[in-house]
Structures are given as structure tokens and as C-alpha cells.
Number of protein chains: 2
Amino acid sequence: MMTLYGYWRSSASYRVRIALGLKGIEVRHIPVNLREGEQLLAEHSKRNPQGYLPVLELEDGTRLTQSLAILDYLDATHSNHPLMPEDAILRSRILAASLIITSDISPIQNLSVLKYIRAEHGQEDAGVKKWSAHWIAKGFESLEKMASPDTKFFYTDTPMFFECCLVPQIYNARRFGVDMDRFPNLLRVENACQSLEAFKTALPEAQTDAPK
Amino acid sequence: MMTLYGYWRSSASYRVRIALGLKGIEVRHIPVNLREGEQLLAEHSKRNPQGYLPVLELEDGTRLTQSLAILDYLDATHSNHPLMPEDAILRSRILAASLIITSDISPIQNLSVLKYIRAEHGQEDAGVKKWSAHWIAKGFESLEKMASPDTKFFYTDTPMFFECCLVPQIYNARRFGVDMDRFPNLLRVENACQSLEAFKTALPEAQTDAPK
């Protein structure tokens with residue numbers, strides 16, 4: 001059985017949990033407490049020199065990092081419920097939309113970035129919240145325009161690579177007080193996702209390390 | 001013939017130019033001047049609702065965005081000089097290394113982010129340079145540890161997806177005064193790349209919109 005090192009509220013871990021659920025793959029979950037800095041300990045650096053989550057450890061001990069690279073691996077090795085279509089153009093468009101979340105929103109609000117703007121730019125809670133909400137809203141404005149009006153999910157009729165990225169980002173957006181009513185297309189896709197078992201079991205609050 | 005909308009000094013445009021060169025694909029280059037804000041004009045929003053570069057326009061008018069998604073498309077449709085290996089684990093590792101650059105370094109120094117920290121956090125030139133250099137060095141520290149000692153390039157003996165990302169990021173690192181001597185493995189890979197024609201023709205200074 002594979003092992004997923006993650007954290008209940010980490011967006012990147014949440015993406016991988018959804019993909020595992022869609023593929024029907026059971027893994028052992030080992031929590032790494034981001035708030036207590038466990039990702040910075042030597043034990044975790046051995047798993048991932050970058051000190052980030054998630055890490056997927058295969059049965060032979062091989063460790064994979066970066067959520068999108070893990071999704072790519074899972075899709076290449078488990079053909080049921082494809083996360084990417086065959087068509088090269090649609091595939092590129094799904095990947096582009098995913099990257100708006102995973103490159104242009106999420107890393108700018110990484111814990112290490114938020115720590116930097118507190119320590120070096122003198123930002124306090126209000127400034128940190130404004131920063132995070134700004135980059136989320138900016139990315140969502142683009143995505144809202146890009147959504148297909150004719151499909152149940154963002155570009156397709158089954159949830160794919162993109163939906164694994166979108167749902168955790170919306171969860172995170174609410175934490176930072178982003179007004180989601182401005183993004184009806186994104187909410188429509190989120191709604192379609194949340195009725196599915198794979199998305200329910202991946203919810204942060206459903207994880208063993210979430211506060212009770 | 002395809003059209004690439006780019007900018008001489010944009011890292012993301014530079015990545016795509018390298019990939020096109022490795023694949024031997026000729027395109028029409030149309031510059032969009034980032035410094036003058038041409039990416040924010042309605043003309044460019046029609047090409048990419050996100051207002052970012054690069055955009056690859058196919059012969060039928062289809063537009064692709066996000067450099068990694070463009071690389072994925074080029075690799076799916078042009079089988080010569082593969083940018084990704086067949087092996088799912090190696091593929092995932094190459095993608096993970098690429099994402100350290102394209103998610104965890106590059107977007108944090110995007111022009112819009114630098115503008116924000118100037119306007120909202122009162123940062124001036126020194127603060128902006130320190131910020132950029134910090135995130136580049138942080139990402140490069142991880143990559144330096146991850147490089148394979150046994151291959152000519154980062155993980156392989158031909159330049160692939162990762163090298164399309166690394167070389168532009170090193171170019172950018174020098175602009176921000178990052179001491180590259182700390183990263184001998186990355187410099188070794190860069191050296192191996194720079195002797196190749198595809199990397200030479202993709203250089204920022206070789207573009208028609210570069211200052212003469």
C-alpha cells in the first residue's frame with residue numbers, strides 16, 4: 001500500500017486525496033503538522049528536500065513530490081477514471097486552468113511566503129488576509145471567464161485534473177474571506193463535485209489530523 | 001504556422017522558445033511588451049483572459065496558455081525530441097522539479113506580485129531584489145540536492161521538460177544577483193544546455209524585441 005504524507009488543511013494534500021478517491025486507490029495517511037513545523041524537521045527533509053507536502057511514498061519506497069506531479073503519476077499508472085483526456089488541446093487547456101490555481105494562486109499564499117511578508121514587510125493578520133484574498137480573487141476572475149457553459153464540470157462531464165485543484169482552492173478562498181458569489185461558474189463546478197464520494201472523503205474536516 | 005505571443009525577457013516565454021527549438025518547430029513571434037503593459041490591453045485579454053504571456057496560437061486560431069501546458073501540448077503532438085520520458089516515475093520526478101521552478105519560484109516574482117509589494121508593502125528596489133533573490137535561492141537549494149550526479153542533464157542524458165524551465169530561471173537569477181556558485185549541479189546542467197542551438201536561439205538577447 002502507498003503512503004501519503006499530508007496535512008488536513010494543505011491544499012496540495014487535498015488535491016492528491018481527491019485524485020486517490022476518484023481512482024479508488026487506498027493509501028495509508030501519515031499527517032505532518034504544518035502549523036507545528038514538522039515539515040522542517042530532518043525526518044521530513046529526507047522524504048522531500050524541499051520540505052513541502054504532500055509526499056506520496058510508493059510500496060518500493062520511491063517518494064514522489066509536488067501535487068501535480070503526483071496526479072500525473074497516478075493517472076499514468078491507474079487507467080480507471082482518467083484525470084486527463086486523450087485530446088491534446090483539451091488536455092493542454094485543463095492543465096493551463098489547473099496551473100492558474102497551482103502556480104499563480106497557491107504558491108503566493110504558501111505558509112513560507114506569508115511568514116516572509118509578516119517578518120520582512122511588517123504585515124499583520126489584516127495584511128496577510130488581504131494579500132491572500134487578492135491573489136485568489138485575481139486567479140478566480142480569469143477562471144470564471146474560461147469555464148465552459150456546456151459541461152457539467154469545468155471543461156468536461158466528469159471531474160478531472162482541474163477539479164482536483166479547484167475544490168481545495170475554493171475551500172481555502174472561504175478561509176480568507178473571498179466573496180465566492182462573484183464566481184458562479186466556479187461554484188457550479190464545486191457543487192457538482194461535492195455530491196461525489198471522492199470529494200467528500202477528501203474534505204479537510206474528514207481527516208484524522210483535523211481538530212475535533 | 002503557429003504564432004507565439006511572448007516577450008524577450010519573460011521566463012515563461014523563454015521556456016516555450018527552448019521547447020520549440022528542441023522540437024525544431026518554426027513559429028511566428030509576436031512581441032507583447034510587458035514593461036509597457038501591453039499584456040493588460042483588451043487586444044491581449046482576448047488572447048488570454050489571464051493577461052499573461054506566453055500564448056501559443058495554433059493555425060486554426062486555437063490559443064493555448066501557461067508555458068507548461070504549452071510544453072505538454074507540443075510534446076503530445078510532436079514526437080521528435082521527447083520532452084518527457086515514458087517511465088511514469090521519472091516523468092513525475094521531472095515534472096516535480098519543473099514545478100519547483102514554475103510554481104514555487106517564478107509566480108512569486110511575477111511582475112504583478114512585485115508591483116503589489118511595492119504599492120502595498122512599501123518595498124523599493126532593494127526590497128524587491130531581496131524578495132526575488134530569496135525565493136529563487138530557496139527553490140534552487142532544493143533542486144541542487146535533487147540533481148542526478150550520473151546524467152549529463154538534470155535527470156536524463158538529453159535536455160527535457162525540466163531544462164526548458166531551469167535555463168530561463170538561472171538567467172533570471174543572475175538579474176536578481178543570486179550567487180550561482182552555490183549551485184554547481186545546476187550550473188553544470190546549464191552549461192550542457194548552452195552549447196545547444198535550441199538554447200542559443202531562445203536566449204532573450206537573441207529576440208527581435210530585445211533592446212539593441
# chains A, B, ... in the order shown; residues from 1 in each chain; ligands from 1
call {"tool": "closest_atom_pairs", "arguments": {"of": "chain B", "to": "chain A", "cutoff": "6 Å", "atoms": "only C-alpha atoms", "output": "CSV"}}
result
residue,atom,partner,partner_atom,distance
B:Pro49,CA,A:Ser142,CA,5.5
B:Gln50,CA,A:Ser142,CA,5.0
B:Gln66,CA,A:Ala96,CA,5.3
B:Ala69,CA,A:Ser92,CA,4.9
B:Tyr73,CA,A:Ser92,CA,5.7
B:Ala88,CA,A:Tyr73,CA,5.7
B:Ser92,CA,A:Ala69,CA,4.8
B:Leu95,CA,A:Ala69,CA,5.5
B:Ala96,CA,A:Ala69,CA,5.3
B:Ser103,CA,A:Ser103,CA,4.2
B:Asp104,CA,A:Pro107,CA,5.7
B:Pro107,CA,A:Asp104,CA,5.7
B:Ile108,CA,A:Ile108,CA,5.7
B:His121,CA,A:His121,CA,6.0
B:Ser142,CA,A:Gln50,CA,5.0
call {"tool": "select_by_dssp", "arguments": {"residues": "chain B", "states": "strand (DSSP E or B)", "output": "PyMOL selection string"}}
result
chain B and resi 2-6+27-31+55-57+63-65
call {"tool": "residues_around", "arguments": {"residues": "B:Val178", "least_positions_apart": "4", "cutoff": "6 Å", "atoms": "only C-alpha atoms", "output": "MDAnalysis selection string"}}
result
chainID B and resid 133 173:174
call {"tool": "closest_residue", "arguments": {"among": "A:Met1, A:Leu166, A:Val32, A:Leu41", "to": "A:Asn185", "atoms": "only C-alpha atoms"}}
result
A:Leu166
call {"tool": "residues_around", "arguments": {"residues": "B:Gly6", "least_positions_apart": "4", "cutoff": "9 Å", "atoms": "only C-alpha atoms", "output": "MDAnalysis selection string"}}
result
chainID B and resid 10 12:14 29:34 53:56
call {"tool": "residues_around", "arguments": {"residues": "A:Ala210", "least_positions_apart": "2", "cutoff": "9 Å", "atoms": "only C-alpha atoms", "output": "MDAnalysis selection string"}}
result
chainID A and resid 7:9 204:208 212
call {"tool": "write_last_selection", "arguments": {"atoms": "N, CA and C atoms", "output": "PDB file, in the first residue's frame"}}
result
ATOM      1  N   TYR A   7      -1.368  16.915   5.197  1.00  0.00           N
ATOM      2  CA  TYR A   7      -1.885  17.700   6.327  1.00  0.00           C
ATOM      3  C   TYR A   7      -3.326  18.037   5.979  1.00  0.00           C
ATOM      4  N   TRP A   8      -4.196  17.974   6.979  1.00  0.00           N
ATOM      5  CA  TRP A   8      -5.629  18.092   6.694  1.00  0.00           C
ATOM      6  C   TRP A   8      -5.988  19.353   5.915  1.00  0.00           C
ATOM      7  N   ARG A   9      -5.326  20.468   6.223  1.00  0.00           N
ATOM      8  CA  ARG A   9      -5.740  21.733   5.620  1.00  0.00           C
ATOM      9  C   ARG A   9      -4.819  22.192   4.499  1.00  0.00           C
ATOM     10  N   PRO A 204     -11.030  18.367   4.206  1.00  0.00           N
ATOM     11  CA  PRO A 204     -10.120  18.564   5.338  1.00  0.00           C
ATOM     12  C   PRO A 204     -10.694  18.066   6.660  1.00  0.00           C
ATOM     13  N   GLU A 205     -11.963  18.398   6.933  1.00  0.00           N
ATOM     14  CA  GLU A 205     -12.562  18.041   8.225  1.00  0.00           C
ATOM     15  C   GLU A 205     -12.740  16.536   8.389  1.00  0.00           C
ATOM     16  N   ALA A 206     -12.657  15.790   7.297  1.00  0.00           N
ATOM     17  CA  ALA A 206     -12.818  14.338   7.376  1.00  0.00           C
ATOM     18  C   ALA A 206     -11.499  13.626   7.664  1.00  0.00           C
ATOM     19  N   GLN A 207     -10.395  14.388   7.800  1.00  0.00           N
ATOM     20  CA  GLN A 207      -9.085  13.759   8.004  1.00  0.00           C
ATOM     21  C   GLN A 207      -8.831  13.512   9.494  1.00  0.00           C
ATOM     22  N   THR A 208      -8.034  12.496   9.767  1.00  0.00           N
ATOM     23  CA  THR A 208      -7.801  12.103  11.171  1.00  0.00           C
ATOM     24  C   THR A 208      -7.057  13.182  11.958  1.00  0.00           C
ATOM     25  N   LYS A 212     -10.924  18.050  16.360  1.00  0.00           N
ATOM     26  CA  LYS A 212     -12.292  17.520  16.569  1.00  0.00           C
ATOM     27  C   LYS A 212     -13.175  18.546  17.285  1.00  0.00           C
TER      28      LYS A 212
END
call {"tool": "atom_distance", "arguments": {"atom1": "atom CA of B:Arg17", "atom2": "atom CA of B:Glu59"}}
result
17.4 Å
call {"tool": "atom_distance", "arguments": {"atom1": "atom CA of B:Cys193", "atom2": "atom CA of B:Arg15"}}
result
12.6 Å
